[in-house]
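See below for the structure under consideration.
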Amino acid sequence: RRASDVLLKGDLSANGGALTVRYRQTVLKIEFEETADGVPKAACVVFGDSPDELMPVDSIANERGTEREPRDTERVMNSFKKLCVNPGGEIWLSAGSIYTPVLLMKSGVGPKAVVDKVVAKNGGKAVKYIEELGKNIHDRNFVPL
């Protein structure tokens, strides 16, 4: 089963036919709003262009084990934009099994100890404490061919 099965299910024109996919973007945080019954819902995404050029796959293997510093970071920090969903819209995160929890924690969602530390350092507010977020996660870095 693929995520597209769920994402593209039904008639897209029922929701105005709007589907925006952004790639090569660096997301800073997700902003939440409360629904009428007090449940937090993702409402906006703050993002900017990714700082580095996309490297060919063989270059990644050649650089394994070396640290890379992002280039042109100042341009990226000045390029952040904020997009909000229309009423009834959704935000789908696709940052992988490692970075999706990190992004949520930076946005105020996650284990209390982590969220409180992030909020104290960066400002903002805790949105929801989820103690299991970011635990027992796995990512497939290598896929045998």
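Every chain in the structure tokens takes a letter, A first, then B, and so on in the order presented; its residues are numbered from 1, and the ligands are numbered from 1 following the presented order.
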Backbone DSSP call of alpha helix (DSSP H) for stretch 83-123 of chain A, listed as a list in words: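 Matching residues for alpha helix (DSSP H) in stretch 83-123 of chain A are Gly96, Ser97, Ile98, Tyr99, Thr100, Pro101, Val102, Leu103, Leu104, Met105, Lys106, Lys112, Ala113, Val114, Val115, Asp116, Lys117, Val118, Val119, Ala120, Lys121 and Asn122 of chain A.
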Nearest residue to A:Glu31 from the set A:Cys44, A:Leu133, A:Leu83, A:Val109 (distances using only C-alpha atoms):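 Residue with the minimum atom-to-atom distance to A:Glu31: A:Cys44.
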Separation of atom CA of A:Ala120 from atom CA of A:Gly38, in Å and rounded to one decimal: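 Computed distance, atom CA of A:Ala120 to atom CA of A:Gly38, equals 23.3 Å.
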Counting only C-alpha atoms, the residue of A:Ser79, A:Thr100, A:Asn86, A:Asn136 that sits nearest A:Asp49: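 Looking only at the distances to A:Asp49, the closest residue turns out to be A:Ser79.
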Residue neighbourhood A:Lys112, 10 Å, only C-alpha atoms, exclusion window fewer than 2 positions, as a VMD selection string: chain A and resid 105 108 to 110 114 to 118 126 128 to 131
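Our summary of the geometry notes that atom CA of A:Val102 is positioned 19.7 Å from atom CA of A:Lys81.
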Of the listed residues A:Asn122, A:Lys41, A:Ile30, A:Phe142, that which approaches A:Gly89 most closely, counting only C-alpha atoms: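 When distances to A:Gly89 are compared using only C-alpha atoms, the smallest one comes from A:Lys41.
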Atom CA of A:Val45 to atom CA of A:Leu103, straight-line distance in Å: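 Value for the atom CA of A:Leu103-atom CA of A:Val45 distance: 10.7 Å.
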Those of stretch 19-55 of chain A in DSSP strand (DSSP E), formatted as a list in words: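 Result set for stretch 19-55 of chain A (strand (DSSP E)): Gln25, Thr26, Val27, Leu28, Lys29, Ile30, Glu31, Phe32, Glu33, Glu34, Pro40, Lys41, Ala42, Ala43, Cys44, Val45, Val46, Phe47, Gly48 and Asp49 of chain A.
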Expected file contents, prior selection, N, CA and C atoms, as a PDB file, in the first residue's frame:
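again-v4.pdb, written as the output of this step:
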ATOM      1  N   GLN A  25      12.682  21.649   0.178  1.00  0.00           N
ATOM      2  CA  GLN A  25      12.331  22.705   1.113  1.00  0.00           C
ATOM      3  C   GLN A  25      12.801  22.303   2.507  1.00  0.00           C
ATOM      4  N   THR A  26      13.185  23.286   3.300  1.00  0.00           N
ATOM      5  CA  THR A  26      13.553  23.054   4.688  1.00  0.00           C
ATOM      6  C   THR A  26      12.436  23.607   5.560  1.00  0.00           C
ATOM      7  N   VAL A  27      11.800  22.739   6.325  1.00  0.00           N
ATOM      8  CA  VAL A  27      10.695  23.163   7.184  1.00  0.00           C
ATOM      9  C   VAL A  27      11.258  23.549   8.543  1.00  0.00           C
ATOM     10  N   LEU A  28      10.901  24.737   8.993  1.00  0.00           N
ATOM     11  CA  LEU A  28      11.348  25.226  10.296  1.00  0.00           C
ATOM     12  C   LEU A  28      10.414  24.739  11.394  1.00  0.00           C
ATOM     13  N   LYS A  29       9.109  24.864  11.156  1.00  0.00           N
ATOM     14  CA  LYS A  29       8.150  24.414  12.172  1.00  0.00           C
ATOM     15  C   LYS A  29       6.750  24.323  11.581  1.00  0.00           C
ATOM     16  N   ILE A  30       5.898  23.653  12.328  1.00  0.00           N
ATOM     17  CA  ILE A  30       4.473  23.549  12.031  1.00  0.00           C
ATOM     18  C   ILE A  30       3.757  24.406  13.063  1.00  0.00           C
ATOM     19  N   GLU A  31       2.806  25.206  12.623  1.00  0.00           N
ATOM     20  CA  GLU A  31       2.007  26.001  13.562  1.00  0.00           C
ATOM     21  C   GLU A  31       0.634  25.357  13.694  1.00  0.00           C
ATOM     22  N   PHE A  32       0.136  25.335  14.914  1.00  0.00           N
ATOM     23  CA  PHE A  32      -1.126  24.672  15.218  1.00  0.00           C
ATOM     24  C   PHE A  32      -2.178  25.681  15.656  1.00  0.00           C
ATOM     25  N   GLU A  33      -3.440  25.302  15.458  1.00  0.00           N
ATOM     26  CA  GLU A  33      -4.566  26.053  16.019  1.00  0.00           C
ATOM     27  C   GLU A  33      -5.479  25.035  16.696  1.00  0.00           C
ATOM     28  N   GLU A  34      -6.298  25.517  17.613  1.00  0.00           N
ATOM     29  CA  GLU A  34      -7.217  24.612  18.313  1.00  0.00           C
ATOM     30  C   GLU A  34      -8.557  24.587  17.604  1.00  0.00           C
ATOM     31  N   PRO A  40      -5.740  20.238  19.073  1.00  0.00           N
ATOM     32  CA  PRO A  40      -4.819  20.956  18.184  1.00  0.00           C
ATOM     33  C   PRO A  40      -4.825  20.361  16.779  1.00  0.00           C
ATOM     34  N   LYS A  41      -4.766  21.242  15.768  1.00  0.00           N
ATOM     35  CA  LYS A  41      -4.730  20.819  14.367  1.00  0.00           C
ATOM     36  C   LYS A  41      -3.678  21.648  13.645  1.00  0.00           C
ATOM     37  N   ALA A  42      -2.844  20.978  12.833  1.00  0.00           N
ATOM     38  CA  ALA A  42      -1.819  21.684  12.060  1.00  0.00           C
ATOM     39  C   ALA A  42      -2.503  22.669  11.120  1.00  0.00           C
ATOM     40  N   ALA A  43      -2.050  23.925  11.155  1.00  0.00           N
ATOM     41  CA  ALA A  43      -2.686  24.962  10.347  1.00  0.00           C
ATOM     42  C   ALA A  43      -1.729  25.607   9.348  1.00  0.00           C
ATOM     43  N   CYS A  44      -0.452  25.763   9.718  1.00  0.00           N
ATOM     44  CA  CYS A  44       0.510  26.458   8.855  1.00  0.00           C
ATOM     45  C   CYS A  44       1.862  25.754   8.896  1.00  0.00           C
ATOM     46  N   VAL A  45       2.623  25.939   7.829  1.00  0.00           N
ATOM     47  CA  VAL A  45       3.984  25.418   7.739  1.00  0.00           C
ATOM     48  C   VAL A  45       4.911  26.585   7.444  1.00  0.00           C
ATOM     49  N   VAL A  46       5.979  26.713   8.233  1.00  0.00           N
ATOM     50  CA  VAL A  46       7.001  27.734   7.996  1.00  0.00           C
ATOM     51  C   VAL A  46       8.186  27.013   7.349  1.00  0.00           C
ATOM     52  N   PHE A  47       8.584  27.453   6.139  1.00  0.00           N
ATOM     53  CA  PHE A  47       9.604  26.737   5.379  1.00  0.00           C
ATOM     54  C   PHE A  47      10.403  27.691   4.501  1.00  0.00           C
ATOM     55  N   GLY A  48      11.485  27.190   3.961  1.00  0.00           N
ATOM     56  CA  GLY A  48      12.316  27.943   3.022  1.00  0.00           C
ATOM     57  C   GLY A  48      13.027  26.987   2.086  1.00  0.00           C
ATOM     58  N   ASP A  49      13.680  27.526   1.073  1.00  0.00           N
ATOM     59  CA  ASP A  49      14.436  26.698   0.138  1.00  0.00           C
ATOM     60  C   ASP A  49      15.552  25.970   0.872  1.00  0.00           C
TER      61      ASP A  49
END
